[in-house]
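Written out below as structure tokens is the structure these notes cover.
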Amino acid sequence: MIEVLSADSCISCNQCVAVCPTNVFDRVEDGIPVIARQSDCQTCFMCELYCPVDALYVDPDAEAVSGVTEAELQERGLLGGYREKVGWGRGRQPVAGHDFMYQLSRRAGF
Amino acid sequence: MSVAAQKGSLYLTADVLVIGGGPAGTWAALTAAAKGAKVVLADKGYCGSSGATAPSGTGVWYVNPDKKLREDAKASRFELGGRLAEDRWMNRVLDRTYENMNRLGVAGYPFPLDEHGNQHRRSLQGPEYMRLMRKLVKKAGVKILDHSPVLELLADSHGVAGAAGVQTQTGETWSVQAGAVVIATGGCAFLSKALGCNVLTGDGYLFAAEAGAALSGMEFSNAYAICPTFSSVTKTAYYNYASFYYEDGSVVEGAGSKRGRSVIARNLLAGRQVFAKLDGAPEDLQPLLRVAQTNFFLPFDRLGINPFKDAFPVTLRLEGTVRGTGGIRITDESCGTGVPGLYAAGDAATRELICGGFTGGGSHNAAWAMSSGSFAGEGAADYALSLGRHAEDRTPSGLSSSSLVEQQVKPGTAARTAELVSAVQAEVKPYDINLFRTEKGLTSSLDRLGGLWKEQRNTEIQRTPEGVKAREVQAMTATARWMYSSALARTETRGMHKREDYLKIDEQQHHRLISGGLDDVWVKREEVAKESVLL
């Protein structure tokens with residue numbers, strides 16, 4: 001589930017409010033958005049992917065809140081990891097075009 | 001029915017209204033717009049991130065137009081699907097998928113390149129694909145309504161004429177009057193949190209049935225994905241490399257991804273946790289696997305688990321009809337439903353036409369979504385444009401089977417909806433009811449589901465975001481009833497449908513089962529087109 005919205009990093013672009021398929025976030029007038037309906041989160045990671053400043057963290061557990069903190073995430077370097085792997089963000093190449101995609105398709109048929 | 005529908009706070013007119021903004025819906029919107037239709041697309045969440053495709057990577061049934069390759073592709077899953085696919089439909093879908101994938105390459109999808117520098121168009125990364133589809137749909141002039149779930153279809157004596165709903169972020173009502181409607185709302189995974197699936201609650205099935213359309217193949221609805229217990233990621237392809245173990249490290253005999261899921265289910269039913277390890281993946285293949293499905297590894301990386309070396313606990317998460325094949329019955333080549341003005345595409349429609357009673361993976365579903373979406377979009381545009389000027393004079397009524405009211409939400413509504421969700425899940429999630437089916441299990445479940453339906457049928461539903469959730473559980477309840485009524489009628493094991501009391505395929509039952517009805521559910525046989533027999 002979505003667990004962390006970093007108040008330090010967030011730039012109030014409200015992309016997460018717009019893209020969340022299950023409407024978990026609420027826009028806040030003159031402030032950063034809030035996680036308003038955490039239990040509606042389906043753990044699809046899309047908000048993380050669309051966040052331009054890596055301010056969000058979705059814990060893999062879809063059923064229970066893990067209670068992970070921003071400080072822990074920073075220490076382990078976990079913020080923004082998914083977006084980097086998908087290759088979204090300035091100066092990155094989308095993973096969709098990665099040569100390994102072709103190699104895997106040739107070798108394993110995926 | 002007699003009272004004309006109220007126009008919502010937001011009222012629009014269009015030639016074609018597309019409900020759902022996943023792959024099928026976006027292709028429908030694009031193709032309808034290309035015919036000159038004015039198109040509105042309403043998504044329950046956000047067109048671009050909603051649904052099963054957006055957060056995943058998927059293979060695509062993309063086969064070069066070479067006679068031998070095409071014949072092999074068609075034959076590959078024909079038997080697995082219980083010989084219920086149709087040759088003519090497989091040909092149409094292979095042709096259209098080939099065409100659409102090539103279009104995506106031209107439109108800027110970053111396919112990987114082969115050694116000759118040509119695009120290798122065999123799979124799609126969901127985030128990239130759906131972001132591009134949103135861009136193309138907007139460029140085509142389609143009006144997108146995000147966070148705008150439908151509460152009901154609108155119709156008059158000539159047929160379906162639009163839909164009405166509520167915008168979940170503002171609480172305002174909306175309605176669109178349209179000459180034709182395409183339902184592309186996906187399948188039903190019963191809020192099981194399978195990856196990206198919680199927006200897929202069978203809404204479109206309910207809307208279609210309320211308009212008088214039928215369902216087909218609803219017995220093929222018991223798909224379960226192997227999934228780590230601590231995760232929502234229901235991508236199963238890589239479990240081909242997995243071995244399965246008990247806690248003490250001994251091997252679970254017979255367990256596997258393709259044919260051994262039942263063994264995993266029986267162990268879980270007996271209270272024995274099963275663990276998986278992808279120890280069959282050669283070391284030099286592992287980096288390729290990591291790149292090709294980044295989200296598969298995300299939960300492991302975050303928890304510090306190496307799935308190639310460490311055993312991790314798994315469960316089977318219900319995917320229902322999302323990876324099943326049942327859905328709205330298709331009655332013609334433009335993906336019409338038999339109800340004038342109503343079309344269905346993608347997982348919302350039956351996929352039996354191309355894969356019978358078993359999909360065995362995403363590639364057929366992805367191909368079906370982009371092809372059926374295109375057929376439906378074109379068909380809906382032709383139909384709507386043929387209506388001419390009269391379309392604007394229509395005064396349609398709402399079709400919801402429960403009365404929809406404008407009043408304030410009553411206290412306790414959300415809690416009651418949550419209870420109903422749990423009650424329906426208690427019927428469809430258990431492996432010993434839905435995966436291993438018996439007459440006894442299905443009958444007693446249907447009895448309880450009938451009670452749940454009756455209770456909801458007589459309750460008013462508000463035109464609010466809470467009301468949307470109430471309609472979702474109503475759709476889930478109806479879906480479960482069509483599923484189990486069809487499963488009860490098919491007294492054999494075929495495709496993914498498993499009957500513990502009828503373990504074998506019965507040649508006398510080489511037919512489709514169509515179903516429908518709301519208060520009184522019915523199931524009928526339908527012959528499979530003759531040319532479907534390939535062999």
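Identifiers in this document derive from the order of the structure tokens: chains are assigned A, B, ..., residues are numbered from 1 separately in each chain, and ligands are numbered from 1 in order of occurrence.
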
Assign secondary structure with DSSP using the backbone only, and return the residues of stretch 23-92 of chain A in strand (DSSP E) as a list in words. Phe25, Asp26, Val34, Ile35, Leu56, Tyr57 and Val58 of chain A

Print the selection's residues with all heavy atoms to a file, as a CSV table (one decimal), in the first residue's frame.
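Contents of part-v1.csv, freshly written:
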```csv
chain,number,residue,atom,x,y,z
A,25,PHE,N,-5.7,9.6,-3.1
A,25,PHE,CA,-5.2,10.9,-2.6
A,25,PHE,C,-6.3,12.0,-2.7
A,25,PHE,O,-7.2,11.9,-3.5
A,25,PHE,CB,-4.0,11.4,-3.5
A,25,PHE,CG,-2.9,10.4,-3.6
A,25,PHE,CD1,-2.8,9.4,-4.6
A,25,PHE,CD2,-1.9,10.4,-2.6
A,25,PHE,CE1,-1.8,8.5,-4.6
A,25,PHE,CE2,-0.8,9.5,-2.7
A,25,PHE,CZ,-0.8,8.5,-3.7
A,26,ASP,N,-6.1,13.0,-1.9
A,26,ASP,CA,-7.0,14.2,-2.0
A,26,ASP,C,-6.1,15.4,-2.2
A,26,ASP,O,-5.0,15.5,-1.6
A,26,ASP,CB,-7.8,14.4,-0.7
A,26,ASP,CG,-9.1,13.7,-0.8
A,26,ASP,OD1,-9.5,13.3,-1.9
A,26,ASP,OD2,-9.8,13.6,0.3
A,34,VAL,N,-2.8,14.7,0.3
A,34,VAL,CA,-2.8,13.8,1.4
A,34,VAL,C,-3.2,12.4,0.9
A,34,VAL,O,-4.0,12.3,0.0
A,34,VAL,CB,-3.7,14.3,2.5
A,34,VAL,CG1,-3.1,15.5,3.2
A,34,VAL,CG2,-5.1,14.5,2.1
A,35,ILE,N,-2.7,11.4,1.6
A,35,ILE,CA,-3.2,10.0,1.4
A,35,ILE,C,-4.5,9.9,2.2
A,35,ILE,O,-4.5,9.8,3.4
A,35,ILE,CB,-2.2,9.0,2.0
A,35,ILE,CG1,-0.8,9.2,1.3
A,35,ILE,CG2,-2.7,7.6,1.8
A,35,ILE,CD1,0.3,8.4,1.9
A,56,LEU,N,7.0,9.5,-3.4
A,56,LEU,CA,6.1,8.5,-3.0
A,56,LEU,C,6.7,7.2,-2.8
A,56,LEU,O,7.6,6.8,-3.5
A,56,LEU,CB,4.9,8.4,-4.0
A,56,LEU,CG,4.1,9.7,-4.2
A,56,LEU,CD1,3.2,9.5,-5.4
A,56,LEU,CD2,3.2,10.0,-2.9
A,57,TYR,N,6.2,6.4,-1.9
A,57,TYR,CA,6.6,5.0,-1.7
A,57,TYR,C,5.4,4.1,-1.5
A,57,TYR,O,4.6,4.3,-0.5
A,57,TYR,CB,7.6,4.9,-0.5
A,57,TYR,CG,8.1,3.5,-0.3
A,57,TYR,CD1,9.1,3.0,-1.2
A,57,TYR,CD2,7.6,2.6,0.6
A,57,TYR,CE1,9.6,1.7,-1.0
A,57,TYR,CE2,8.0,1.3,0.8
A,57,TYR,CZ,9.0,0.8,-0.1
A,57,TYR,OH,9.5,-0.4,0.1
A,58,VAL,N,5.3,3.1,-2.3
A,58,VAL,CA,4.3,2.1,-2.2
A,58,VAL,C,5.0,0.8,-1.6
A,58,VAL,O,5.9,0.3,-2.3
A,58,VAL,CB,3.6,1.8,-3.5
A,58,VAL,CG1,2.6,0.7,-3.4
A,58,VAL,CG2,3.0,3.0,-4.1
```

Quick one: contact table of chain A to chain B, 9 Å max, nearest atom pair and distance in Å to one decimal per residue, counting only C-alpha atoms, chain and number order, as a Markdown table?
```
| residue | atom | partner | partner_atom | distance |
| --- | --- | --- | --- | --- |
| A:Ala18 | CA | B:Tyr46 | CA | 7.0 |
| A:Val19 | CA | B:Tyr46 | CA | 5.4 |
| A:Cys20 | CA | B:Tyr46 | CA | 6.8 |
| A:Pro21 | CA | B:Gly45 | CA | 4.0 |
| A:Thr22 | CA | B:Gly45 | CA | 6.0 |
| A:Asn23 | CA | B:Gly45 | CA | 7.0 |
| A:Asp26 | CA | B:Gln169 | CA | 8.1 |
| A:Asp40 | CA | B:Asn198 | CA | 8.7 |
| A:Cys41 | CA | B:Lys193 | CA | 8.7 |
| A:Gln42 | CA | B:Lys193 | CA | 5.4 |
| A:Thr43 | CA | B:Ser232 | CA | 6.3 |
| A:Cys44 | CA | B:Gly196 | CA | 5.3 |
| A:Phe45 | CA | B:Pro55 | CA | 7.2 |
| A:Met46 | CA | B:Ser49 | CA | 6.4 |
| A:Cys47 | CA | B:Ser49 | CA | 8.8 |
| A:Leu49 | CA | B:Pro127 | CA | 8.4 |
| A:Asp59 | CA | B:Arg302 | CA | 7.8 |
| A:Pro60 | CA | B:Pro299 | CA | 5.0 |
| A:Asp61 | CA | B:Phe230 | CA | 4.8 |
| A:Ala62 | CA | B:Ser232 | CA | 5.6 |
| A:Glu63 | CA | B:Phe230 | CA | 7.9 |
| A:Ala64 | CA | B:Phe230 | CA | 8.9 |
| A:Leu78 | CA | B:Arg302 | CA | 7.1 |
| A:Gly81 | CA | B:Leu298 | CA | 8.6 |
| A:Tyr82 | CA | B:Leu298 | CA | 7.1 |
| A:Lys85 | CA | B:Thr294 | CA | 6.6 |
| A:Val86 | CA | B:Thr294 | CA | 6.8 |
| A:Pro94 | CA | B:Pro110 | CA | 7.5 |
| A:Val95 | CA | B:Val291 | CA | 7.1 |
| A:Ala96 | CA | B:Gln125 | CA | 5.8 |
| A:Gly97 | CA | B:Pro112 | CA | 4.0 |
| A:His98 | CA | B:Pro112 | CA | 5.7 |
| A:Asp99 | CA | B:Pro112 | CA | 5.8 |
| A:Phe100 | CA | B:Leu288 | CA | 5.2 |
| A:Met101 | CA | B:Ala292 | CA | 5.4 |
| A:Tyr102 | CA | B:Pro112 | CA | 5.9 |
| A:Gln103 | CA | B:Leu288 | CA | 7.4 |
| A:Leu104 | CA | B:Leu288 | CA | 5.9 |
| A:Ser105 | CA | B:Arg122 | CA | 7.7 |
| A:Arg107 | CA | B:Leu285 | CA | 8.6 |
| A:Ala108 | CA | B:Leu285 | CA | 8.9 |
| A:Phe110 | CA | B:Gly59 | CA | 6.4 |
```

Resulting file, chosen residues, C-alpha atoms, as a PDB file, in the first residue's frame:
```pdb
ATOM      1  CA  ALA A  18      -4.834  12.636 -11.046  1.00  0.00           C
ATOM      2  CA  VAL A  19      -3.367   9.238 -11.931  1.00  0.00           C
ATOM      3  CA  CYS A  20      -4.319   7.051  -8.970  1.00  0.00           C
ATOM      4  CA  PRO A  21      -6.873   4.622 -10.460  1.00  0.00           C
ATOM      5  CA  THR A  22      -8.603   4.088  -7.115  1.00  0.00           C
ATOM      6  CA  ASN A  23      -8.608   7.732  -5.998  1.00  0.00           C
ATOM      7  CA  ASP A  26      -6.952  14.190  -1.995  1.00  0.00           C
ATOM      8  CA  ASP A  40      -8.429   1.738  -1.209  1.00  0.00           C
ATOM      9  CA  CYS A  41      -4.838   1.467  -2.505  1.00  0.00           C
ATOM     10  CA  GLN A  42      -4.483  -1.554  -4.803  1.00  0.00           C
ATOM     11  CA  THR A  43      -0.667  -1.506  -4.716  1.00  0.00           C
ATOM     12  CA  CYS A  44      -0.226  -0.943  -8.468  1.00  0.00           C
ATOM     13  CA  PHE A  45       2.744   1.460  -8.076  1.00  0.00           C
ATOM     14  CA  MET A  46       1.423   3.855 -10.749  1.00  0.00           C
ATOM     15  CA  CYS A  47       1.582   6.930  -8.474  1.00  0.00           C
ATOM     16  CA  LEU A  49       5.898   6.048 -11.530  1.00  0.00           C
ATOM     17  CA  ASP A  59       5.108  -0.840   0.113  1.00  0.00           C
ATOM     18  CA  PRO A  60       4.715  -4.201  -1.688  1.00  0.00           C
ATOM     19  CA  ASP A  61       2.295  -5.570   0.915  1.00  0.00           C
ATOM     20  CA  ALA A  62      -1.194  -5.125  -0.512  1.00  0.00           C
ATOM     21  CA  GLU A  63      -3.084  -6.066   2.642  1.00  0.00           C
ATOM     22  CA  ALA A  64      -1.324  -4.577   5.662  1.00  0.00           C
ATOM     23  CA  LEU A  78      14.352   2.889  -2.019  1.00  0.00           C
ATOM     24  CA  GLY A  81      13.649   2.984  -7.490  1.00  0.00           C
ATOM     25  CA  TYR A  82      10.777   1.807  -9.641  1.00  0.00           C
ATOM     26  CA  LYS A  85      14.009   0.863 -13.505  1.00  0.00           C
ATOM     27  CA  VAL A  86      11.124   1.705 -15.844  1.00  0.00           C
ATOM     28  CA  PRO A  94      12.460   3.772 -21.306  1.00  0.00           C
ATOM     29  CA  VAL A  95      13.090   0.134 -20.414  1.00  0.00           C
ATOM     30  CA  ALA A  96      10.522  -0.828 -23.073  1.00  0.00           C
ATOM     31  CA  GLY A  97      13.208  -0.416 -25.727  1.00  0.00           C
ATOM     32  CA  HIS A  98      15.967  -2.213 -23.804  1.00  0.00           C
ATOM     33  CA  ASP A  99      17.962  -4.696 -25.826  1.00  0.00           C
ATOM     34  CA  PHE A 100      17.404  -7.364 -23.141  1.00  0.00           C
ATOM     35  CA  MET A 101      13.710  -7.354 -24.106  1.00  0.00           C
ATOM     36  CA  TYR A 102      14.669  -8.549 -27.542  1.00  0.00           C
ATOM     37  CA  GLN A 103      17.255 -11.020 -26.270  1.00  0.00           C
ATOM     38  CA  LEU A 104      14.797 -12.543 -23.810  1.00  0.00           C
ATOM     39  CA  SER A 105      12.137 -12.828 -26.483  1.00  0.00           C
ATOM     40  CA  ARG A 107      15.807 -17.016 -25.947  1.00  0.00           C
ATOM     41  CA  ALA A 108      12.718 -17.675 -23.863  1.00  0.00           C
ATOM     42  CA  PHE A 110       8.541 -13.990 -23.622  1.00  0.00           C
TER      43      PHE A 110
END
```

12 Å contact set for B:Glu333, only C-alpha atoms, chain neighbours under 6 positions out, as a count of residues only: 18

Need to verify the contact set: B:Gly338, 12 Å, only C-alpha atoms, exclusion of same-chain residues closer than 3 positions in sequence. Can you return it as a ChimeraX atom specification? /B:159-160,208-209,211-215,328-335,341-344

How about saving the chosen residues, N, CA and C atoms kept, as a PDB file, in the first residue's frame?
```
ATOM      1  N   GLY B 159     -32.932   1.706 -28.372  1.00  0.00           N
ATOM      2  CA  GLY B 159     -31.696   1.057 -27.932  1.00  0.00           C
ATOM      3  C   GLY B 159     -30.936   1.907 -26.933  1.00  0.00           C
ATOM      4  N   VAL B 160     -29.687   1.533 -26.725  1.00  0.00           N
ATOM      5  CA  VAL B 160     -28.855   2.215 -25.729  1.00  0.00           C
ATOM      6  C   VAL B 160     -28.465   3.600 -26.252  1.00  0.00           C
ATOM      7  N   ALA B 208     -24.577  -4.280 -19.146  1.00  0.00           N
ATOM      8  CA  ALA B 208     -25.023  -4.960 -20.366  1.00  0.00           C
ATOM      9  C   ALA B 208     -26.264  -5.803 -20.082  1.00  0.00           C
ATOM     10  N   ALA B 209     -26.244  -6.518 -18.946  1.00  0.00           N
ATOM     11  CA  ALA B 209     -27.386  -7.369 -18.612  1.00  0.00           C
ATOM     12  C   ALA B 209     -28.622  -6.517 -18.341  1.00  0.00           C
ATOM     13  N   ALA B 211     -29.329  -3.918 -19.812  1.00  0.00           N
ATOM     14  CA  ALA B 211     -29.820  -3.469 -21.118  1.00  0.00           C
ATOM     15  C   ALA B 211     -30.388  -4.630 -21.934  1.00  0.00           C
ATOM     16  N   GLY B 212     -30.285  -5.840 -21.408  1.00  0.00           N
ATOM     17  CA  GLY B 212     -30.848  -6.997 -22.103  1.00  0.00           C
ATOM     18  C   GLY B 212     -29.848  -7.847 -22.855  1.00  0.00           C
ATOM     19  N   ALA B 213     -28.557  -7.558 -22.723  1.00  0.00           N
ATOM     20  CA  ALA B 213     -27.541  -8.378 -23.392  1.00  0.00           C
ATOM     21  C   ALA B 213     -27.278  -9.637 -22.563  1.00  0.00           C
ATOM     22  N   ALA B 214     -26.613 -10.607 -23.178  1.00  0.00           N
ATOM     23  CA  ALA B 214     -26.291 -11.856 -22.491  1.00  0.00           C
ATOM     24  C   ALA B 214     -24.790 -11.954 -22.246  1.00  0.00           C
ATOM     25  N   LEU B 215     -24.422 -12.892 -21.379  1.00  0.00           N
ATOM     26  CA  LEU B 215     -23.028 -13.214 -21.117  1.00  0.00           C
ATOM     27  C   LEU B 215     -22.709 -14.544 -21.804  1.00  0.00           C
ATOM     28  N   ILE B 328     -19.236 -10.526 -21.839  1.00  0.00           N
ATOM     29  CA  ILE B 328     -20.455 -10.181 -22.577  1.00  0.00           C
ATOM     30  C   ILE B 328     -20.464 -10.910 -23.924  1.00  0.00           C
ATOM     31  N   ARG B 329     -21.603 -11.491 -24.240  1.00  0.00           N
ATOM     32  CA  ARG B 329     -21.732 -12.258 -25.480  1.00  0.00           C
ATOM     33  C   ARG B 329     -21.676 -11.320 -26.691  1.00  0.00           C
ATOM     34  N   ILE B 330     -20.890 -11.734 -27.662  1.00  0.00           N
ATOM     35  CA  ILE B 330     -20.722 -10.962 -28.898  1.00  0.00           C
ATOM     36  C   ILE B 330     -21.593 -11.600 -29.972  1.00  0.00           C
ATOM     37  N   THR B 331     -22.384 -10.788 -30.666  1.00  0.00           N
ATOM     38  CA  THR B 331     -23.312 -11.378 -31.628  1.00  0.00           C
ATOM     39  C   THR B 331     -22.990 -11.056 -33.083  1.00  0.00           C
ATOM     40  N   ASP B 332     -22.032 -10.166 -33.321  1.00  0.00           N
ATOM     41  CA  ASP B 332     -21.665  -9.907 -34.720  1.00  0.00           C
ATOM     42  C   ASP B 332     -20.214  -9.460 -34.820  1.00  0.00           C
ATOM     43  N   GLU B 333     -19.764  -9.250 -36.049  1.00  0.00           N
ATOM     44  CA  GLU B 333     -18.336  -8.976 -36.282  1.00  0.00           C
ATOM     45  C   GLU B 333     -17.887  -7.612 -35.777  1.00  0.00           C
ATOM     46  N   SER B 334     -18.830  -6.725 -35.502  1.00  0.00           N
ATOM     47  CA  SER B 334     -18.423  -5.424 -34.978  1.00  0.00           C
ATOM     48  C   SER B 334     -18.485  -5.411 -33.451  1.00  0.00           C
ATOM     49  N   CYS B 335     -18.498  -6.596 -32.857  1.00  0.00           N
ATOM     50  CA  CYS B 335     -18.559  -6.735 -31.398  1.00  0.00           C
ATOM     51  C   CYS B 335     -19.840  -6.135 -30.823  1.00  0.00           C
ATOM     52  N   GLY B 341     -27.119  -0.385 -30.473  1.00  0.00           N
ATOM     53  CA  GLY B 341     -26.319   0.698 -29.899  1.00  0.00           C
ATOM     54  C   GLY B 341     -25.344   0.268 -28.822  1.00  0.00           C
ATOM     55  N   LEU B 342     -25.298  -1.014 -28.499  1.00  0.00           N
ATOM     56  CA  LEU B 342     -24.408  -1.460 -27.420  1.00  0.00           C
ATOM     57  C   LEU B 342     -23.344  -2.440 -27.932  1.00  0.00           C
ATOM     58  N   TYR B 343     -22.100  -2.108 -27.671  1.00  0.00           N
ATOM     59  CA  TYR B 343     -20.950  -2.887 -28.126  1.00  0.00           C
ATOM     60  C   TYR B 343     -20.077  -3.245 -26.917  1.00  0.00           C
ATOM     61  N   ALA B 344     -19.304  -4.324 -27.046  1.00  0.00           N
ATOM     62  CA  ALA B 344     -18.435  -4.723 -25.935  1.00  0.00           C
ATOM     63  C   ALA B 344     -17.067  -5.110 -26.470  1.00  0.00           C
TER      64      ALA B 344
END
```

Mind pulling up the distance from atom CA of B:Arg416 to atom CA of B:Ala487? 28.6 Å

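Shell of A:Asp54 at 7 Å, with only C-alpha atoms counted and residues fewer than 5 places along the chain excluded, is Glu48, Leu79 and Gly80 of chain A.
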